[in-house]
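Visitor: The structure's right below; bear with me while I get my questions together.
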Amino acid sequence: MDEREDFQSIMPFLPLFLRSSSLFWQPAVAEFLKCLAKGPLHSKVNSGESFAAAISDMRKEFRLSPLHPSASLGFSRFFDSLMKADASERWFADVVPGLADLLLKLPVLLENHYRNGSICNGKETGLRLLESQQSGIVVMSQELIAALLACAFFCLYPTRNRGSQHLQPINFDHLFLSLYEHDKVHQEHKIKCILHYFERICSDMPTGNVSFERKVLPFKNCQSNIVYPGTDFWSNSTKSLCQLEVHNSGLIEDHCSEALEVDFANKYLGGGALGQGCVQEEIRFMINPELIIGILFSPAMEDNEAIEVVGAERFSNYSGYAASFRFCGDYVDEKSFDTMGRRKTRIVAIDALIHPGKRQYKSECLLRESNKAFCGFFNQQKANLLMKGEDFGPKHDMIIEEGPSTSGHNILTEDLSDSIQGYKRTTSCDTVEKKGNKVDQYSIYEDDGIGVATGNWGCGAFGGDPEVKVVIQWLAASQALRPFMLYYTFGLSSLQKLEEVAQWILSQGWTVGELWNILVEYSTQRFKGETTLGLFNWLLPSLYADDPILGAPSLRMKGS
């Protein structure tokens with residue numbers, strides 16, 4: 001193991017040590033965990049106060065500072081005041097020993113993970129740092145993820161060097177610190193979601209897998225990747241627009257179709273999930289807690305990157321949003337599994353521009369947002385293998401050519417786009433030989449027919465224009481060859497007429513390129529102050545003719 005590059009990249013961020021190619025806990029920490037695993041009668045850990053003290057004692061063995069006083073008081077407040085006495089007693093009698101026992105298994109779980117690692121799209125899938133500007137994928141069992149999350153709950157991860165690698169803190173101490181210092185009800189309910197997850201896995205450990213993939217559109221010419229498109233790529237695209245289905249109520253995570261579910265992400269995966277945050281991304285990380293482990297090994301995303309997670313199980317029901325967020329009990333995830341043993345829940349994290357103001361209408365910002373969404377929605381592995389001429393079925397003409405990208409980058413031609421869109425495999429899983437072990441190789445075609453489920457990405461607190469962001473995501477989904485986009489408006493008033501506008505646009509038979517050019521024309525006028533109308537009103541004023549405030553019947557209908 002000590003010679004593996006993947007292991008070496010993550011080892012500095014793990015609380016284990018390596019000896020003779022085997023992983024171990026420090027002896028004193030192992031004794032602490034064995035004591036906890038025997039239960040509160042033996043360990044004397046039967047309250048939030050004593051649990052926080054035990055955590056601080058273990059942290060000393062790693063030369064980590066003791067828990068911040070507010071974090072210790074947060075543990076005490078939750079378990080000794082907010083949690084009912086009988087529930088707290090059960091937690092320390094059953095769950096804490098179960099988590100300690102799981103942590104004792106962590107070295108073996110990691111060794112087996114590296115020993116039995118699979119190949120996905122020709123890449124190693126072992127746990128490692130998913131470094132910026134390097135596409136890659138990590139596939140882990142749900143049991144290994146549970147052990148790694150237990151480590152975060154016990155606050156045992158090293159904190160040194162995480163900032164220099166653009167990694168957020170992974171330990172859970174800030175969750176409890178924020179609970180004590182800010183005393184917000186929604187923070188209590190975030191913790192309830194996580195504790196419910198630990199209760200579930202201690203009573204019935206799930207057996208599936210979860211993958212985390214860093215997706216990159218390289219800025220430089222690259223013969224094995226689709227590179228970062230320029231404005232001409234979008235302007236000249238002849239791809240048809242996909243179907244757009246509008247939902248004025250409901251939630252992205254509750255959709256019934258096969259779709260990529262968009263995480264309105266911070267550039268740091270998870271955003272404020274382990275702090276005070278409680279909006280779309282943070283809520284998703286609470287109800288699907290396995291997402292949290294991505295924070296351990298995923299540095300901040302750059303403009304040309306996205307992170308896709310497949311297989312994260314949902315454990316909690318909830319209601320509300322932000323300050324009104326509440327844990328509402330158990331959720332049984334009935335999603336089916338793919339050939340890699342992952343639940344067919346596909347979540348893609350893409351970070352929008354923050355508070356772009358008027359500059360969001362500049363062409364470079366339109367390009368940045370379109371490419372960010374395209375990076376998240378596009379199955380790059382499918383195109384890469386077709387371009388390399390891999391024998392995955394009938395041969396297609398594969399063309400990589402210069403231009404017409406304004407940035408001078410190589411781009412995906414329409415011939416290749418068509419071959420990707422039209423091709424389907426009949427076999428979804430291949431068996432290959434690697435280092436004497438048979439491993440399953442995920443089919444690059446397993447996501448055929450999968451659309452996009454999204455909503456007001458980059459709007460709200462981020463300050464984006466909802467009407468522009470709808471069109472940007474629609475363009476990206478269409479160019480990425482997704483067959484449909486489900487759009488959840490969350491009742492936003494500016495999107496009340498989205499259904500009518502979308503149907504009208506589709507009736508015009510416009511291509512991606514034509515709609516892009518119209519978006520650029522509107523945005524240029526908006527940036528220069530030549531119009532103050534919203535995009536939909538500017539595009540289709542007849543819909544707003546009866547509105548005394550928004551109506552502008554004198555404007556010429558674009559495209560008519």
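Going by the structure tokens order, chains are called A, B, ..., each with residues numbered from 1, while ligands are numbered from 1 in the order shown.
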Could you give me, as JSON lines, every segment 34-73 of chain A residue with an atom at most 8 Å from segment 95-101 of chain A, plus its closest atom pair and distance in Å to one decimal, counting only C-alpha atoms, rows ordered by chain then number?
Guide:
{"residue": "A:Lys34", "atom": "CA", "partner": "A:Ala100", "partner_atom": "CA", "distance": 7.1}
{"residue": "A:Leu36", "atom": "CA", "partner": "A:Pro97", "partner_atom": "CA", "distance": 5.4}
{"residue": "A:Ala37", "atom": "CA", "partner": "A:Pro97", "partner_atom": "CA", "distance": 3.9}
{"residue": "A:Lys38", "atom": "CA", "partner": "A:Pro97", "partner_atom": "CA", "distance": 6.3}
{"residue": "A:Gly39", "atom": "CA", "partner": "A:Pro97", "partner_atom": "CA", "distance": 5.5}
Visitor: Convert the current residue selection to file output with N, CA, C and O atoms, as a PDB file, in the first residue's frame.
Guide:
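Result saved to again-v3.pdb:
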ATOM      1  N   LYS A  34     -11.707   0.682  22.051  1.00  0.00           N
ATOM      2  CA  LYS A  34     -12.131  -0.611  22.618  1.00  0.00           C
ATOM      3  C   LYS A  34     -12.938  -0.402  23.890  1.00  0.00           C
ATOM      4  O   LYS A  34     -13.930  -1.103  24.144  1.00  0.00           O
ATOM      5  N   LEU A  36     -14.750   2.325  24.597  1.00  0.00           N
ATOM      6  CA  LEU A  36     -16.054   2.848  24.193  1.00  0.00           C
ATOM      7  C   LEU A  36     -16.949   1.751  23.631  1.00  0.00           C
ATOM      8  O   LEU A  36     -18.167   1.754  23.834  1.00  0.00           O
ATOM      9  N   ALA A  37     -16.349   0.818  22.903  1.00  0.00           N
ATOM     10  CA  ALA A  37     -17.124  -0.251  22.268  1.00  0.00           C
ATOM     11  C   ALA A  37     -17.773  -1.178  23.292  1.00  0.00           C
ATOM     12  O   ALA A  37     -18.749  -1.872  22.979  1.00  0.00           O
ATOM     13  N   LYS A  38     -17.257  -1.193  24.521  1.00  0.00           N
ATOM     14  CA  LYS A  38     -17.818  -2.059  25.570  1.00  0.00           C
ATOM     15  C   LYS A  38     -19.030  -1.446  26.248  1.00  0.00           C
ATOM     16  O   LYS A  38     -19.682  -2.095  27.069  1.00  0.00           O
ATOM     17  N   GLY A  39     -19.323  -0.204  25.936  1.00  0.00           N
ATOM     18  CA  GLY A  39     -20.517   0.416  26.475  1.00  0.00           C
ATOM     19  C   GLY A  39     -20.238   1.354  27.635  1.00  0.00           C
ATOM     20  O   GLY A  39     -19.140   1.385  28.195  1.00  0.00           O
TER      21      GLY A  39
END
Visitor: Which polymer residues have any atom within 12 Å of an atom of Ser319 of chain A, counting only C-alpha atoms, with same-chain residues fewer than 3 positions away left out, as a VMD selection string?
Guide: chain A and resid 186 189 to 190 193 250 to 251 278 to 279 283 to 284 287 316 322 to 329
Visitor: Could you please take those selected residues and save N, CA and C atoms as a PDB file, in the first residue's frame?
Guide:
ATOM      1  N   HIS A 186     -32.755  25.163  13.515  1.00  0.00           N
ATOM      2  CA  HIS A 186     -32.427  24.391  12.324  1.00  0.00           C
ATOM      3  C   HIS A 186     -31.094  23.661  12.496  1.00  0.00           C
ATOM      4  N   HIS A 189     -31.715  20.439  14.161  1.00  0.00           N
ATOM      5  CA  HIS A 189     -32.331  19.447  13.274  1.00  0.00           C
ATOM      6  C   HIS A 189     -31.346  18.919  12.230  1.00  0.00           C
ATOM      7  N   LYS A 190     -30.353  19.714  11.857  1.00  0.00           N
ATOM      8  CA  LYS A 190     -29.280  19.184  11.017  1.00  0.00           C
ATOM      9  C   LYS A 190     -28.567  18.045  11.749  1.00  0.00           C
ATOM     10  N   CYS A 193     -30.535  14.818  11.795  1.00  0.00           N
ATOM     11  CA  CYS A 193     -30.422  14.034  10.558  1.00  0.00           C
ATOM     12  C   CYS A 193     -29.178  13.142  10.590  1.00  0.00           C
ATOM     13  N   GLY A 250     -43.039  20.883  -5.583  1.00  0.00           N
ATOM     14  CA  GLY A 250     -42.226  19.678  -5.461  1.00  0.00           C
ATOM     15  C   GLY A 250     -40.750  20.006  -5.309  1.00  0.00           C
ATOM     16  N   LEU A 251     -39.965  18.948  -5.086  1.00  0.00           N
ATOM     17  CA  LEU A 251     -38.537  19.075  -4.800  1.00  0.00           C
ATOM     18  C   LEU A 251     -37.723  18.230  -5.767  1.00  0.00           C
ATOM     19  N   CYS A 278     -27.794  26.143   5.766  1.00  0.00           N
ATOM     20  CA  CYS A 278     -28.975  25.273   5.736  1.00  0.00           C
ATOM     21  C   CYS A 278     -29.864  25.644   4.552  1.00  0.00           C
ATOM     22  N   VAL A 279     -29.247  25.712   3.360  1.00  0.00           N
ATOM     23  CA  VAL A 279     -30.040  25.911   2.153  1.00  0.00           C
ATOM     24  C   VAL A 279     -29.914  24.659   1.282  1.00  0.00           C
ATOM     25  N   ILE A 283     -28.913  21.087   2.975  1.00  0.00           N
ATOM     26  CA  ILE A 283     -30.021  20.183   3.291  1.00  0.00           C
ATOM     27  C   ILE A 283     -29.818  18.835   2.621  1.00  0.00           C
ATOM     28  N   ARG A 284     -29.361  18.860   1.361  1.00  0.00           N
ATOM     29  CA  ARG A 284     -29.147  17.581   0.664  1.00  0.00           C
ATOM     30  C   ARG A 284     -28.074  16.750   1.369  1.00  0.00           C
ATOM     31  N   ILE A 287     -29.744  15.016   4.496  1.00  0.00           N
ATOM     32  CA  ILE A 287     -30.656  13.884   4.275  1.00  0.00           C
ATOM     33  C   ILE A 287     -29.958  12.737   3.547  1.00  0.00           C
ATOM     34  N   SER A 316     -33.291  10.440   5.629  1.00  0.00           N
ATOM     35  CA  SER A 316     -34.182  11.278   6.435  1.00  0.00           C
ATOM     36  C   SER A 316     -35.242  11.978   5.603  1.00  0.00           C
ATOM     37  N   ALA A 322     -33.835  26.565   5.193  1.00  0.00           N
ATOM     38  CA  ALA A 322     -33.087  27.558   5.979  1.00  0.00           C
ATOM     39  C   ALA A 322     -33.545  27.509   7.435  1.00  0.00           C
ATOM     40  N   ALA A 323     -34.004  28.635   7.987  1.00  0.00           N
ATOM     41  CA  ALA A 323     -34.352  28.676   9.411  1.00  0.00           C
ATOM     42  C   ALA A 323     -35.515  27.758   9.762  1.00  0.00           C
ATOM     43  N   SER A 324     -36.360  27.422   8.784  1.00  0.00           N
ATOM     44  CA  SER A 324     -37.525  26.570   9.064  1.00  0.00           C
ATOM     45  C   SER A 324     -37.231  25.085   8.857  1.00  0.00           C
ATOM     46  N   PHE A 325     -35.980  24.721   8.531  1.00  0.00           N
ATOM     47  CA  PHE A 325     -35.637  23.322   8.279  1.00  0.00           C
ATOM     48  C   PHE A 325     -35.896  22.472   9.530  1.00  0.00           C
ATOM     49  N   ARG A 326     -36.544  21.310   9.318  1.00  0.00           N
ATOM     50  CA  ARG A 326     -36.826  20.389  10.414  1.00  0.00           C
ATOM     51  C   ARG A 326     -36.650  18.940   9.953  1.00  0.00           C
ATOM     52  N   PHE A 327     -36.016  18.134  10.789  1.00  0.00           N
ATOM     53  CA  PHE A 327     -35.944  16.687  10.581  1.00  0.00           C
ATOM     54  C   PHE A 327     -37.318  16.098  10.854  1.00  0.00           C
ATOM     55  N   CYS A 328     -37.802  15.251   9.934  1.00  0.00           N
ATOM     56  CA  CYS A 328     -39.161  14.704  10.059  1.00  0.00           C
ATOM     57  C   CYS A 328     -39.192  13.181  10.066  1.00  0.00           C
ATOM     58  N   GLY A 329     -38.126  12.559  10.547  1.00  0.00           N
ATOM     59  CA  GLY A 329     -38.166  11.112  10.709  1.00  0.00           C
ATOM     60  C   GLY A 329     -37.480  10.327   9.609  1.00  0.00           C
TER      61      GLY A 329
END
Visitor: Excluding same-chain residues fewer than 4 positions from Phe337 of chain A, what lies within 10 Å of it counting only C-alpha atoms, as a ChimeraX atom specification?
Guide: /A:208-209,311,341-345
Visitor: Using only C-alpha atoms for the distances, tell me which of A:Gly376, A:Gly491, A:Gly270, A:Gly513 is nearest to Gln473 of chain A.
Guide: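 Among the listed residues, the smallest separation from Gln473 of chain A belongs to A:Gly376.
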Visitor: Hey, can you check how far atom CA of Cys242 of chain A sits from atom CA of Ser494 of chain A?
Guide: 22.1 Å
